[in-house]
$ cat coords_30.txt   # compact mmCIF, C-alpha atoms and all ligand atoms
# COMPACT_ATOMS: atom_id res chain seq x y z
CA MET A 1 16.93 -3.38 12.46
CA ILE A 2 15.40 -0.85 14.80
CA ALA A 3 14.43 -2.16 18.24
CA ILE A 4 12.10 -0.06 20.37
CA GLU A 5 12.33 -1.51 23.85
CA ASP A 6 9.80 -0.60 26.53
CA VAL A 7 9.85 3.06 25.49
CA SER A 8 7.66 5.72 27.13
CA LYS A 9 7.37 9.44 26.54
CA ARG A 10 5.81 11.77 29.08
CA TYR A 11 5.82 15.44 28.01
CA ALA A 12 6.56 18.23 30.50
CA ASP A 13 2.84 18.93 30.98
CA GLY A 14 2.27 15.33 32.09
CA THR A 15 0.79 14.03 28.80
CA VAL A 16 1.77 10.41 28.30
CA ALA A 17 2.19 10.24 24.52
CA VAL A 18 3.81 6.79 24.35
CA ASP A 19 3.37 4.13 26.99
CA ARG A 20 5.84 1.24 27.32
CA LEU A 21 6.03 0.58 23.61
CA SER A 22 8.09 -2.32 22.30
CA LEU A 23 8.48 -2.93 18.55
CA GLN A 24 11.02 -4.72 16.37
CA ILE A 25 11.32 -2.95 13.02
CA PRO A 26 13.11 -5.18 10.49
CA ASP A 27 15.35 -4.13 7.59
CA HIS A 28 14.12 -4.32 3.99
CA SER A 29 10.49 -3.76 4.92
CA ILE A 30 7.87 -1.09 5.52
CA THR A 31 6.56 -0.91 9.07
CA VAL A 32 3.51 1.31 9.48
CA LEU A 33 2.47 3.07 12.69
CA VAL A 34 -1.26 3.68 12.46
CA GLY A 35 -3.91 4.91 14.86
CA PRO A 36 -6.22 7.81 15.62
CA SER A 37 -4.92 11.35 15.95
CA GLY A 38 -2.96 11.89 19.16
CA CYS A 39 -2.08 8.23 19.77
CA GLY A 40 1.66 8.91 19.78
CA LYS A 41 2.71 8.03 16.21
CA THR A 42 4.76 11.18 15.51
CA THR A 43 6.30 11.10 18.97
CA THR A 44 7.42 7.50 18.36
CA LEU A 45 8.88 8.35 14.95
CA ARG A 46 10.77 11.36 16.28
CA MET A 47 12.24 9.35 19.12
CA ILE A 48 13.89 7.15 16.48
CA ASN A 49 15.93 10.08 15.09
CA ARG A 50 16.24 11.74 18.52
CA MET A 51 14.23 14.83 17.68
CA ILE A 52 12.46 13.75 20.87
CA GLU A 53 14.18 11.90 23.71
CA PRO A 54 12.27 9.07 25.43
CA SER A 55 11.44 9.44 29.14
CA SER A 56 12.33 5.80 29.65
CA GLY A 57 13.24 2.72 27.65
CA THR A 58 15.83 2.19 24.91
CA ILE A 59 15.92 2.40 21.12
CA ARG A 60 18.62 0.45 19.30
CA VAL A 61 19.67 0.46 15.68
CA ASP A 62 21.52 -2.70 14.70
CA GLY A 63 21.98 -3.45 18.38
CA GLU A 64 23.50 -0.09 19.31
CA ASP A 65 21.71 2.23 21.76
CA ILE A 66 21.03 5.40 19.75
CA ARG A 67 21.95 7.54 22.78
CA ASN A 68 25.55 6.49 22.10
CA ARG A 69 25.43 7.88 18.55
CA PRO A 70 26.18 11.55 17.86
CA VAL A 71 22.84 13.09 16.83
CA ASN A 72 24.14 14.41 13.51
CA SER A 73 25.51 11.12 12.28
CA LEU A 74 22.39 9.32 13.53
CA ARG A 75 20.11 11.66 11.55
CA ARG A 76 22.22 11.37 8.43
CA SER A 77 21.61 7.63 8.52
CA MET A 78 17.87 8.29 8.47
CA GLY A 79 15.96 10.03 5.69
CA TYR A 80 12.98 11.98 6.99
CA VAL A 81 9.87 12.85 4.98
CA ILE A 82 7.02 14.95 6.35
CA GLN A 83 3.58 16.08 5.24
CA ASN A 84 3.72 18.94 2.69
CA ALA A 85 7.29 17.88 1.94
CA GLY A 86 8.87 20.76 3.93
CA LEU A 87 10.97 21.92 0.98
CA PHE A 88 13.22 24.97 0.98
CA GLN A 89 11.13 27.45 -1.00
CA HIS A 90 14.06 29.58 -2.17
CA ARG A 91 16.02 26.64 -3.58
CA THR A 92 15.48 24.88 -6.90
CA ILE A 93 14.17 21.31 -6.93
CA LEU A 94 17.64 20.03 -7.81
CA ASP A 95 19.27 21.92 -4.95
CA ASN A 96 16.56 20.82 -2.52
CA ILE A 97 17.38 17.20 -3.31
CA ALA A 98 21.14 17.87 -3.19
CA THR A 99 20.90 19.40 0.32
CA VAL A 100 22.16 16.45 2.37
CA PRO A 101 24.95 15.40 -0.01
CA ARG A 102 26.16 19.04 0.10
CA LEU A 103 26.06 18.95 3.92
CA LEU A 104 28.13 15.79 3.73
CA GLY A 105 30.76 17.73 1.80
CA TRP A 106 30.12 16.42 -1.71
CA SER A 107 31.12 18.74 -4.53
CA LYS A 108 28.31 20.77 -6.05
CA GLN A 109 28.54 18.83 -9.29
CA LYS A 110 28.52 15.39 -7.69
CA ALA A 111 25.59 16.37 -5.43
CA ARG A 112 23.62 17.64 -8.42
CA GLU A 113 24.32 14.50 -10.43
CA ARG A 114 23.05 12.45 -7.55
CA ALA A 115 19.97 14.69 -7.29
CA ALA A 116 19.23 14.25 -11.01
CA GLU A 117 19.51 10.48 -10.61
CA LEU A 118 17.03 10.60 -7.71
CA MET A 119 14.55 12.72 -9.64
CA GLU A 120 14.39 9.93 -12.16
CA ARG A 121 14.04 7.31 -9.43
CA VAL A 122 10.99 9.00 -7.89
CA GLY A 123 9.38 9.59 -11.29
CA LEU A 124 9.98 13.34 -11.70
CA ASP A 125 10.50 14.91 -15.10
CA PRO A 126 14.13 16.17 -15.36
CA ALA A 127 12.70 19.42 -16.76
CA MET A 128 11.56 20.27 -13.22
CA ALA A 129 15.13 20.42 -11.89
CA ARG A 130 15.40 24.20 -12.22
CA ARG A 131 11.94 25.02 -10.94
CA TYR A 132 11.08 26.14 -7.42
CA PRO A 133 8.76 24.25 -5.08
CA TYR A 134 5.82 26.65 -5.58
CA GLN A 135 5.86 25.74 -9.30
CA LEU A 136 5.10 22.07 -8.54
CA SER A 137 1.87 20.30 -7.61
CA GLY A 138 1.45 18.87 -4.11
CA GLY A 139 2.11 15.34 -5.38
CA GLN A 140 5.27 16.42 -7.20
CA GLN A 141 6.51 18.23 -4.09
CA GLN A 142 6.06 15.02 -2.09
CA ARG A 143 8.16 13.16 -4.65
CA VAL A 144 10.87 15.79 -4.18
CA GLY A 145 10.58 15.24 -0.41
CA VAL A 146 11.15 11.50 -0.90
CA ALA A 147 14.06 12.11 -3.28
CA ARG A 148 15.68 14.52 -0.80
CA ALA A 149 15.33 11.97 2.01
CA LEU A 150 16.99 9.30 -0.14
CA ALA A 151 19.81 11.51 -1.43
CA ALA A 152 22.54 10.28 0.90
CA ASP A 153 21.30 6.68 0.56
CA PRO A 154 20.43 6.24 4.25
CA PRO A 155 19.58 2.70 5.37
CA ILE A 156 16.50 3.99 7.23
CA LEU A 157 13.63 6.15 5.99
CA LEU A 158 11.22 7.80 8.44
CA MET A 159 7.98 9.04 6.86
CA ASP A 160 5.44 11.07 8.84
CA GLU A 161 2.06 11.24 7.08
CA PRO A 162 3.98 11.85 3.84
CA PHE A 163 0.99 11.59 1.50
CA SER A 164 -1.83 12.90 3.71
CA ALA A 165 -2.12 16.34 2.13
CA VAL A 166 -2.70 15.22 -1.48
CA ASP A 167 -5.91 14.05 -3.13
CA PRO A 168 -6.79 10.32 -3.20
CA VAL A 169 -5.77 9.68 -6.82
CA VAL A 170 -2.36 11.33 -6.49
CA ARG A 171 -1.95 9.62 -3.16
CA ARG A 172 -2.51 6.22 -4.71
CA GLY A 173 0.19 7.03 -7.29
CA LEU A 174 2.62 8.08 -4.57
CA GLN A 175 1.94 4.88 -2.62
CA GLU A 176 2.62 2.77 -5.71
CA GLU A 177 5.78 4.74 -6.39
CA LEU A 178 6.97 4.17 -2.83
CA LEU A 179 6.41 0.42 -3.16
CA ARG A 180 8.29 0.40 -6.46
CA ILE A 181 11.22 2.35 -4.99
CA GLN A 182 11.26 0.11 -1.93
CA GLY A 183 11.33 -2.92 -4.25
CA GLU A 184 14.54 -1.51 -5.74
CA LEU A 185 16.19 -0.11 -2.61
CA GLY A 186 15.00 -2.31 0.27
CA LYS A 187 15.27 0.26 3.09
CA ALA A 188 13.98 -0.07 6.64
CA ILE A 189 11.00 2.27 6.34
CA VAL A 190 8.90 3.49 9.27
CA PHE A 191 5.72 5.05 7.90
CA VAL A 192 3.20 7.00 9.99
CA THR A 193 -0.42 7.40 8.89
CA HIS A 194 -3.87 7.73 10.43
CA ASP A 195 -5.41 6.01 7.42
CA MET A 196 -5.88 2.26 7.72
CA ASP A 197 -6.30 1.80 3.96
CA GLU A 198 -2.94 3.43 3.39
CA ALA A 199 -1.42 1.26 6.13
CA ILE A 200 -2.75 -1.87 4.42
CA THR A 201 -1.53 -0.74 1.01
CA VAL A 202 2.05 0.11 1.93
CA GLY A 203 2.73 -1.91 5.10
CA ASP A 204 4.59 -5.19 5.37
CA ARG A 205 3.74 -5.00 9.05
CA ILE A 206 1.37 -2.66 10.85
CA ALA A 207 1.54 -1.45 14.44
CA VAL A 208 -1.89 -0.22 15.51
CA LEU A 209 -1.62 2.27 18.39
CA ARG A 210 -4.45 3.37 20.64
CA THR A 211 -4.80 6.72 22.39
CA GLY A 212 -2.30 6.93 25.22
CA GLY A 213 0.44 5.46 23.03
CA LYS A 214 -0.24 1.82 23.78
CA LEU A 215 0.29 -0.90 21.20
CA ALA A 216 -3.00 -2.57 20.27
CA GLN A 217 -1.69 -4.99 17.63
CA PHE A 218 1.47 -5.59 15.61
CA ALA A 219 1.00 -7.91 12.66
CA ALA A 220 0.91 -8.28 8.88
CA PRO A 221 -2.01 -6.49 7.16
CA ASP A 222 -3.94 -9.64 6.22
CA GLU A 223 -3.69 -10.91 9.78
CA ILE A 224 -4.96 -7.60 11.18
CA LEU A 225 -7.92 -7.72 8.80
CA SER A 226 -8.77 -11.37 9.43
CA SER A 227 -8.03 -11.42 13.17
CA PRO A 228 -8.19 -8.00 14.83
CA ALA A 229 -6.78 -8.23 18.35
CA ASP A 230 -9.72 -6.50 20.05
CA SER A 231 -12.78 -4.32 19.54
CA PHE A 232 -10.66 -1.16 19.26
CA VAL A 233 -8.74 -2.53 16.26
CA GLU A 234 -11.98 -3.88 14.81
CA ARG A 235 -13.66 -0.46 15.03
CA PHE A 236 -10.60 1.25 13.60
CA LEU A 237 -10.67 -1.09 10.59
CA GLY A 238 -14.22 -0.07 9.75
CA ALA A 239 -17.25 -1.99 8.64
CA ASP A 240 -15.88 -3.49 5.42
CA ARG A 241 -12.79 -5.27 6.73
CA GLY A 242 -14.04 -8.60 5.31
CA ILE A 243 -14.19 -7.22 1.80
CA ARG A 244 -10.86 -5.46 2.21
CA GLY A 245 -9.30 -8.71 3.39
CA LEU A 246 -10.07 -10.20 -0.01
CA SER A 247 -7.29 -8.00 -1.41
CA PHE A 248 -4.89 -10.58 -0.03
CA LEU A 249 -6.44 -13.55 -1.80
CA SER A 250 -5.24 -14.39 -5.29
CA THR A 251 -7.47 -15.22 -8.25
CA GLU A 252 -4.91 -17.86 -9.27
CA GLY A 253 -6.66 -21.21 -9.25
CA LEU A 254 -10.18 -19.73 -9.28
CA GLU A 255 -12.51 -22.20 -10.97
CA LEU A 256 -13.47 -20.58 -14.26
CA ASP A 257 -16.35 -21.57 -16.51
CA ARG A 258 -15.09 -21.88 -20.09
CA SER A 259 -18.17 -23.63 -21.45
CA ARG A 260 -20.11 -20.42 -21.91
CA VAL A 261 -17.50 -18.44 -23.81
CA PHE A 262 -17.91 -18.35 -27.61
CA PRO A 263 -15.99 -16.69 -30.40
CA VAL A 264 -18.10 -14.41 -32.55
CA GLY A 265 -19.44 -16.28 -35.57
CA SER A 266 -20.05 -19.50 -33.59
CA ASP A 267 -23.02 -21.57 -34.60
CA ARG A 268 -26.19 -20.09 -33.05
CA GLN A 269 -27.72 -23.51 -32.45
CA GLU A 270 -24.64 -24.56 -30.53
CA ILE A 271 -24.76 -21.43 -28.38
CA ALA A 272 -28.49 -21.82 -27.68
CA GLY A 273 -28.05 -25.52 -26.98
CA ARG A 274 -25.32 -24.89 -24.46
CA ASP A 275 -27.70 -23.58 -21.86
CA PRO A 276 -31.41 -24.13 -22.36
CA GLU A 277 -32.05 -22.11 -19.19
CA GLY A 278 -30.87 -19.05 -21.06
CA ALA A 279 -28.00 -18.15 -18.74
CA PRO A 280 -25.81 -15.53 -20.45
CA VAL A 281 -22.87 -16.44 -22.62
CA LEU A 282 -19.80 -14.30 -23.30
CA VAL A 283 -18.93 -13.59 -26.91
CA THR A 284 -15.30 -12.89 -27.84
CA ASP A 285 -13.60 -11.63 -30.97
CA ALA A 286 -11.50 -13.95 -33.15
CA ASP A 287 -8.48 -13.11 -30.97
CA GLY A 288 -10.23 -14.23 -27.77
CA LYS A 289 -10.81 -10.71 -26.42
CA PRO A 290 -14.24 -10.06 -24.89
CA LEU A 291 -16.99 -8.37 -26.90
CA GLY A 292 -20.06 -8.65 -24.66
CA TRP A 293 -22.80 -10.75 -23.11
CA ALA A 294 -25.57 -12.48 -25.06
CA ASP A 295 -28.75 -14.25 -24.05
CA PRO A 296 -28.29 -17.57 -25.90
CA GLY A 297 -32.03 -17.97 -26.56
CA THR A 298 -32.69 -14.60 -28.14
CA TRP A 299 -29.40 -13.18 -29.41
CA ASP A 300 -29.53 -12.17 -33.10
CA ALA A 301 -25.80 -12.78 -33.64
CA GLU A 302 -25.13 -9.04 -34.06
CA VAL A 303 -22.16 -7.66 -32.14
CA ALA A 304 -24.01 -4.37 -31.76
CA THR A 305 -26.74 -5.96 -29.64
CA LEU A 306 -24.37 -7.55 -27.12
CA GLU A 307 -24.61 -6.29 -23.56
CA PRO A 308 -21.37 -4.56 -22.42
CA TYR A 309 -19.07 -6.89 -20.51
CA GLY A 310 -17.86 -4.10 -18.20
CA GLU A 311 -14.44 -4.47 -16.63
CA THR A 312 -12.38 -7.64 -16.52
CA PHE A 313 -10.00 -9.04 -13.92
CA GLU A 314 -6.59 -10.52 -14.67
CA VAL A 315 -6.04 -13.97 -13.22
CA GLY A 316 -3.02 -14.07 -10.91
CA ARG A 317 -2.49 -10.31 -10.87
CA ASP A 318 -5.85 -9.17 -9.49
CA SER A 319 -7.20 -10.23 -6.10
CA LEU A 320 -10.51 -11.88 -5.25
CA ARG A 321 -11.63 -8.42 -4.12
CA VAL A 322 -11.29 -7.15 -7.68
CA ALA A 323 -12.98 -10.27 -9.08
CA LEU A 324 -15.90 -9.87 -6.69
CA ASP A 325 -16.17 -6.18 -7.53
CA ARG A 326 -16.32 -7.00 -11.26
CA ALA A 327 -19.00 -9.64 -10.65
CA VAL A 328 -21.11 -7.29 -8.52
CA LEU A 329 -20.92 -4.56 -11.16
CA SER A 330 -21.52 -6.89 -14.12
CA PRO A 331 -25.03 -6.81 -15.65
CA THR A 332 -24.99 -10.63 -15.62
CA GLY A 333 -23.49 -11.04 -12.15
CA LEU A 334 -20.56 -12.75 -13.86
CA ALA A 335 -16.99 -11.48 -13.94
CA VAL A 336 -14.80 -11.89 -17.02
CA ALA A 337 -11.36 -13.41 -16.33
CA VAL A 338 -8.56 -12.53 -18.74
CA ASP A 339 -4.84 -13.26 -19.07
CA ALA A 340 -2.11 -10.61 -19.20
CA THR A 341 -2.82 -10.03 -22.91
CA GLY A 342 -6.54 -9.41 -22.31
CA ARG A 343 -7.73 -12.73 -23.78
CA VAL A 344 -10.65 -14.37 -22.02
CA LEU A 345 -9.78 -17.34 -19.79
CA GLY A 346 -13.34 -17.92 -18.58
CA ILE A 347 -16.09 -16.41 -16.47
CA ALA A 348 -16.75 -16.54 -12.74
CA GLY A 349 -19.99 -15.90 -10.88
CA GLN A 350 -20.37 -14.49 -7.39
CA GLU A 351 -21.03 -18.02 -6.08
CA THR A 352 -17.74 -19.29 -7.52
CA ILE A 353 -15.86 -16.40 -5.96
CA ALA A 354 -17.60 -16.93 -2.61
CA ALA A 355 -16.65 -20.63 -2.75
CA ALA A 356 -13.01 -19.67 -3.35
CA ILE A 357 -13.13 -17.35 -0.34
CA ARG A 358 -14.60 -20.10 1.85
CA SER A 359 -12.04 -22.64 0.74
CA ASP A 360 -9.20 -20.20 1.43
CA ARG A 361 -10.56 -19.62 4.95
CA ARG A 362 -10.74 -23.34 5.59
CA ARG A 363 -7.21 -23.82 4.29
CA ARG A 364 -5.88 -21.02 6.48
CA ALA A 365 -7.74 -22.28 9.53
CA ALA A 366 -6.27 -25.73 8.89
CA ASP A 367 -2.77 -24.24 8.47
CA ALA A 368 -3.20 -22.50 11.81
CA GLY A 369 -4.18 -25.86 13.34
CA GLN A 370 -7.61 -24.54 14.25
CA ASP A 371 -11.04 -26.12 14.23
CA THR A 372 -11.92 -26.38 10.54
CA SER A 373 -15.68 -26.80 10.86
CA PRO A 374 -17.33 -24.56 8.25
CA ALA A 375 -19.24 -22.55 10.87
CA LYS A 376 -16.02 -21.35 12.38
CA ALA A 377 -14.15 -20.92 9.10
CA LEU A 378 -16.99 -18.86 7.67
CA ARG A 379 -17.06 -16.34 10.47
P1 LIG A 401 -0.06 11.42 16.64
O1 LIG A 401 1.14 11.56 15.80
O2 LIG A 401 -0.52 10.02 16.78
O3 LIG A 401 -1.20 12.32 16.21
P2 LIG A 401 1.53 12.75 18.67
O4 LIG A 401 2.72 11.88 18.88
O5 LIG A 401 1.70 13.96 17.84
O6 LIG A 401 0.32 11.86 18.12
O7 LIG A 401 0.97 13.19 20.08
C1 LIG A 401 0.65 12.27 21.09
C2 LIG A 401 0.10 13.02 22.29
O8 LIG A 401 1.12 13.84 22.84
C3 LIG A 401 -1.06 13.94 21.96
O9 LIG A 401 -1.96 13.92 23.03
C4 LIG A 401 -0.39 15.31 21.83
O10 LIG A 401 -1.28 16.33 22.14
C5 LIG A 401 0.70 15.19 22.86
N1 LIG A 401 1.87 16.02 22.54
C6 LIG A 401 2.59 16.03 21.40
N2 LIG A 401 3.64 16.90 21.49
C7 LIG A 401 3.54 17.46 22.71
C8 LIG A 401 4.32 18.43 23.42
N3 LIG A 401 5.41 18.98 22.87
N4 LIG A 401 3.93 18.76 24.66
C9 LIG A 401 2.85 18.19 25.22
N5 LIG A 401 2.08 17.27 24.63
C10 LIG A 401 2.42 16.91 23.39

$ encode --input "coords_30.txt" --output "structure tokens" --more "lines below"
Ligand code: ADP
Amino acid sequence: MIAIEDVSKRYADGTVAVDRLSLQIPDHSITVLVGPSGCGKTTTLRMINRMIEPSSGTIRVDGEDIRNRPVNSLRRSMGYVIQNAGLFQHRTILDNIATVPRLLGWSKQKARERAAELMERVGLDPAMARRYPYQLSGGQQQRVGVARALAADPPILLMDEPFSAVDPVVRRGLQEELLRIQGELGKAIVFVTHDMDEAITVGDRIAVLRTGGKLAQFAAPDEILSSPADSFVERFLGADRGIRGLSFLSTEGLELDRSRVFPVGSDRQEIAGRDPEGAPVLVTDADGKPLGWADPGTWDAEVATLEPYGETFEVGRDSLRVALDRAVLSPTGLAVAVDATGRVLGIAGQETIAAAIRSDRRRRAADAGQDTSPAKALR
């Protein structure tokens, strides 16, 4: 555990970069420092590995004041990843990753074996081992940066805007990879970003900093989205925080309509009779996989004339945000729910999804011992 206790940093020119910051950063979790440019994120991160010394306050790792630790041994216990990876251009990928083990006195062979193992862990093709950094894409270089930081198996990983320089699709892949690696390794990770979406994706807990290096809020992502501490945090979250908050709500237990799902070849009279109003029905193949939407009154029983069902959501795995997105994009306003094998479990309209959101709010308000009147819960 890293404890930042009442820490301030005033630079020589008088700039107060960090102002009386206190944070408890637990083991086995990703703590994100987020905030606008210049709010003191990098300064805070670098005070943890003593690249910058605080002007006042104390930082402890597992209870010990880091000022009592020799800088070299402190830094070796902390992997450090920066934007653009910061690789040694004249060294191969394998030797880049083996850098710290070599500094620790490992034999060349042992260090390279370890490096090869890490390449696999971060999802790099072993064929890249002998290449040089300039022969890799930006995303691959970042993976090398992560592998290098993990090489000596440090308990702590410090990451400063590690994925900011790559395009959004690659970035998403790197974020997923980080979560997968963290699931296997369980480090104490401190992750700096200016991007709230990234903070929400990777963070177990998020510290939102405001300009001047003051802590605005320190909480789990869903709590920040549902209850921002003040108007600064609210503005920083952006206009769609309500929708984004749905990412934390599961589709498990969503009330699905099964009465309007028919296997192809079903009796036309039965389909038409199901809903005289003509609300759409979903037609599936014999295996239960979706084929498309039909208007029960007019459909000619041809698969070719079905309306495309669009994208589905998987119950339990996908969030209510995904379900709502599918419903909004669906030509019928209905989202198709499937199981892990892609078989249809039922359909859900926007109203059903909205009802699930409302009931979750009421349940959470009740859990928090708050007023559960719908007006308040719906806010
Ligand atoms: P962030 O990482 O959130 O963008 P930084 O920690 O880099 O913020 O910087 C916080 C503030 O401290 C900024 O106003 C920045 O200009 C200032 N700052 C950073 N490094 C120095 C320095 N060496 N000397 C003076 N001011 C600095």

$ residues_near_ligand --input "coords_30.txt" --ligand "ligand LIG 401 (chain A)" --cutoff "6 Å" --atoms "all atoms listed in the file" --output "CSV table (one decimal) with C-alpha atoms, keeping the file's coordinate frame"
chain,number,residue,atom,x,y,z
A,11,TYR,CA,5.8,15.4,28.0
A,13,ASP,CA,2.8,18.9,31.0
A,15,THR,CA,0.8,14.0,28.8
A,17,ALA,CA,2.2,10.2,24.5
A,37,SER,CA,-4.9,11.4,16.0
A,38,GLY,CA,-3.0,11.9,19.2
A,39,CYS,CA,-2.1,8.2,19.8
A,40,GLY,CA,1.7,8.9,19.8
A,41,LYS,CA,2.7,8.0,16.2
A,42,THR,CA,4.8,11.2,15.5
A,43,THR,CA,6.3,11.1,19.0

$ atom_distance --input "coords_30.txt" --atom1 "atom CA of Val233 of chain A" --atom2 "atom CA of Val192 of chain A"
16.5 Å

$ atom_distance --input "coords_30.txt" --atom1 "atom CA of Val281 of chain A" --atom2 "atom CA of Leu249 of chain A"
26.7 Å

$ closest_residue --input "coords_30.txt" --among "A:Asp267, A:Glu311, A:Asp230, A:Asp6" --to "Leu21 of chain A" --atoms "only C-alpha atoms"
A:Asp6

$ closest_residue --input "coords_30.txt" --among "A:Val261, A:Ile82, A:Leu124, A:Ala129" --to "Thr284 of chain A" --atoms "all atoms listed in the file"
A:Val261

$ axis_aligned_box --input "coords_30.txt" --around "segment 324-332 of chain A" --padding-each-side "6 Å" --output "AutoDock Vina command-line options"
--center_x -20.5 --center_y -7.6 --center_z -11.2 --size_x 21.1 --size_y 18.1 --size_z 21.0

$ residues_around --input "coords_30.txt" --residues "Gly292 of chain A" --least-positions-apart "2" --cutoff "7 Å" --atoms "all atoms listed in the file" --output "MDAnalysis selection string"
chainID A and resid 282:283 290 294 306:309

$ closest_residue --input "coords_30.txt" --among "A:Gly35, A:Gly14, A:Gly273, A:Gly310" --to "Glu234 of chain A" --atoms "all atoms listed in the file"
A:Gly35

$ atom_distance --input "coords_30.txt" --atom1 "atom CA of Val208 of chain A" --atom2 "atom CA of Met51 of chain A"
22.2 Å

$ residues_around --input "coords_30.txt" --residues "Leu178 of chain A" --least-positions-apart "5" --cutoff "9 Å" --atoms "only C-alpha atoms" --output "PyMOL selection string"
chain A and resi 122+146+173+183+202

$ closest_residue --input "coords_30.txt" --among "A:Thr341, A:Gln217, A:Ser359, A:Thr193" --to "Ser231 of chain A" --atoms "all atoms listed in the file"
A:Gln217

$ residues_near_point --input "coords_30.txt" --point "(-9.9, -15.8, -30.8)" --cutoff "12 Å" --atoms "only C-alpha atoms" --output "VMD selection string"
chain A and resid 261 to 266 283 to 291 342 to 345

$ closest_residue --input "coords_30.txt" --among "A:Val81, A:Ala188, A:Val18, A:Ala151" --to "Leu103 of chain A" --atoms "all atoms listed in the file"
A:Ala151

$ closest_residue --input "coords_30.txt" --among "A:Ala301, A:Gln269, A:Asn84, A:Asn96" --to "Gln141 of chain A" --atoms "all atoms listed in the file"
A:Asn84

$ residues_around --input "coords_30.txt" --residues "Val61 of chain A" --least-positions-apart "3" --cutoff "10 Å" --atoms "only C-alpha atoms" --output "ChimeraX atom specification"
/A:1-4,25,48,64-66,69,74,156

$ residues_around --input "coords_30.txt" --residues "Pro26 of chain A" --least-positions-apart "3" --cutoff "10 Å" --atoms "only C-alpha atoms" --output "list in words"
Met1, Ile2, Ala3, Leu23, Ser29, Ile30, Thr31, Asp62, Lys187, Ala188, Ile189, Val190, Asp204 and Arg205 of chain A

$ residues_around --input "coords_30.txt" --residues "Gly79 of chain A" --least-positions-apart "3" --cutoff "9 Å" --atoms "all atoms listed in the file" --output "list of chain:residue names"
A:Arg75, A:Arg76, A:Val146, A:Arg148, A:Ala149, A:Leu150, A:Ala151, A:Ala152, A:Asp153, A:Pro154, A:Pro155, A:Ile156, A:Leu157, A:Leu158, A:Met159

$ build_atoms --input "coords_30.txt" --residues "segment 145-155 of chain A" --atoms "N, CA, C and O atoms" --output "PDB file, keeping the file's coordinate frame"
ATOM      1  N   GLY A 145      10.298  15.532  -1.827  1.00  0.00           N
ATOM      2  CA  GLY A 145      10.580  15.240  -0.410  1.00  0.00           C
ATOM      3  C   GLY A 145      11.175  13.842  -0.244  1.00  0.00           C
ATOM      4  O   GLY A 145      12.130  13.651   0.516  1.00  0.00           O
ATOM      5  N   VAL A 146      10.633  12.879  -0.983  1.00  0.00           N
ATOM      6  CA  VAL A 146      11.150  11.500  -0.900  1.00  0.00           C
ATOM      7  C   VAL A 146      12.553  11.437  -1.495  1.00  0.00           C
ATOM      8  O   VAL A 146      13.467  10.844  -0.911  1.00  0.00           O
ATOM      9  N   ALA A 147      12.734  12.110  -2.636  1.00  0.00           N
ATOM     10  CA  ALA A 147      14.060  12.110  -3.280  1.00  0.00           C
ATOM     11  C   ALA A 147      15.104  12.730  -2.348  1.00  0.00           C
ATOM     12  O   ALA A 147      16.208  12.213  -2.204  1.00  0.00           O
ATOM     13  N   ARG A 148      14.737  13.851  -1.707  1.00  0.00           N
ATOM     14  CA  ARG A 148      15.680  14.520  -0.800  1.00  0.00           C
ATOM     15  C   ARG A 148      16.057  13.598   0.358  1.00  0.00           C
ATOM     16  O   ARG A 148      17.220  13.512   0.743  1.00  0.00           O
ATOM     17  N   ALA A 149      15.054  12.865   0.884  1.00  0.00           N
ATOM     18  CA  ALA A 149      15.330  11.970   2.010  1.00  0.00           C
ATOM     19  C   ALA A 149      16.243  10.816   1.608  1.00  0.00           C
ATOM     20  O   ALA A 149      16.972  10.273   2.429  1.00  0.00           O
ATOM     21  N   LEU A 150      16.190  10.441   0.315  1.00  0.00           N
ATOM     22  CA  LEU A 150      16.990   9.300  -0.140  1.00  0.00           C
ATOM     23  C   LEU A 150      18.375   9.712  -0.640  1.00  0.00           C
ATOM     24  O   LEU A 150      19.202   8.857  -0.951  1.00  0.00           O
ATOM     25  N   ALA A 151      18.623  11.021  -0.707  1.00  0.00           N
ATOM     26  CA  ALA A 151      19.810  11.510  -1.430  1.00  0.00           C
ATOM     27  C   ALA A 151      21.121  10.930  -0.925  1.00  0.00           C
ATOM     28  O   ALA A 151      21.991  10.593  -1.707  1.00  0.00           O
ATOM     29  N   ALA A 152      21.269  10.796   0.378  1.00  0.00           N
ATOM     30  CA  ALA A 152      22.540  10.280   0.900  1.00  0.00           C
ATOM     31  C   ALA A 152      22.488   8.764   1.103  1.00  0.00           C
ATOM     32  O   ALA A 152      23.328   8.196   1.791  1.00  0.00           O
ATOM     33  N   ASP A 153      21.478   8.132   0.497  1.00  0.00           N
ATOM     34  CA  ASP A 153      21.300   6.680   0.560  1.00  0.00           C
ATOM     35  C   ASP A 153      21.290   6.140   2.001  1.00  0.00           C
ATOM     36  O   ASP A 153      22.026   5.206   2.336  1.00  0.00           O
ATOM     37  N   PRO A 154      20.467   6.713   2.863  1.00  0.00           N
ATOM     38  CA  PRO A 154      20.430   6.240   4.250  1.00  0.00           C
ATOM     39  C   PRO A 154      19.765   4.864   4.321  1.00  0.00           C
ATOM     40  O   PRO A 154      18.875   4.575   3.530  1.00  0.00           O
ATOM     41  N   PRO A 155      20.202   4.021   5.271  1.00  0.00           N
ATOM     42  CA  PRO A 155      19.580   2.700   5.370  1.00  0.00           C
ATOM     43  C   PRO A 155      18.149   2.751   5.913  1.00  0.00           C
ATOM     44  O   PRO A 155      17.376   1.819   5.719  1.00  0.00           O
TER      45      PRO A 155
END
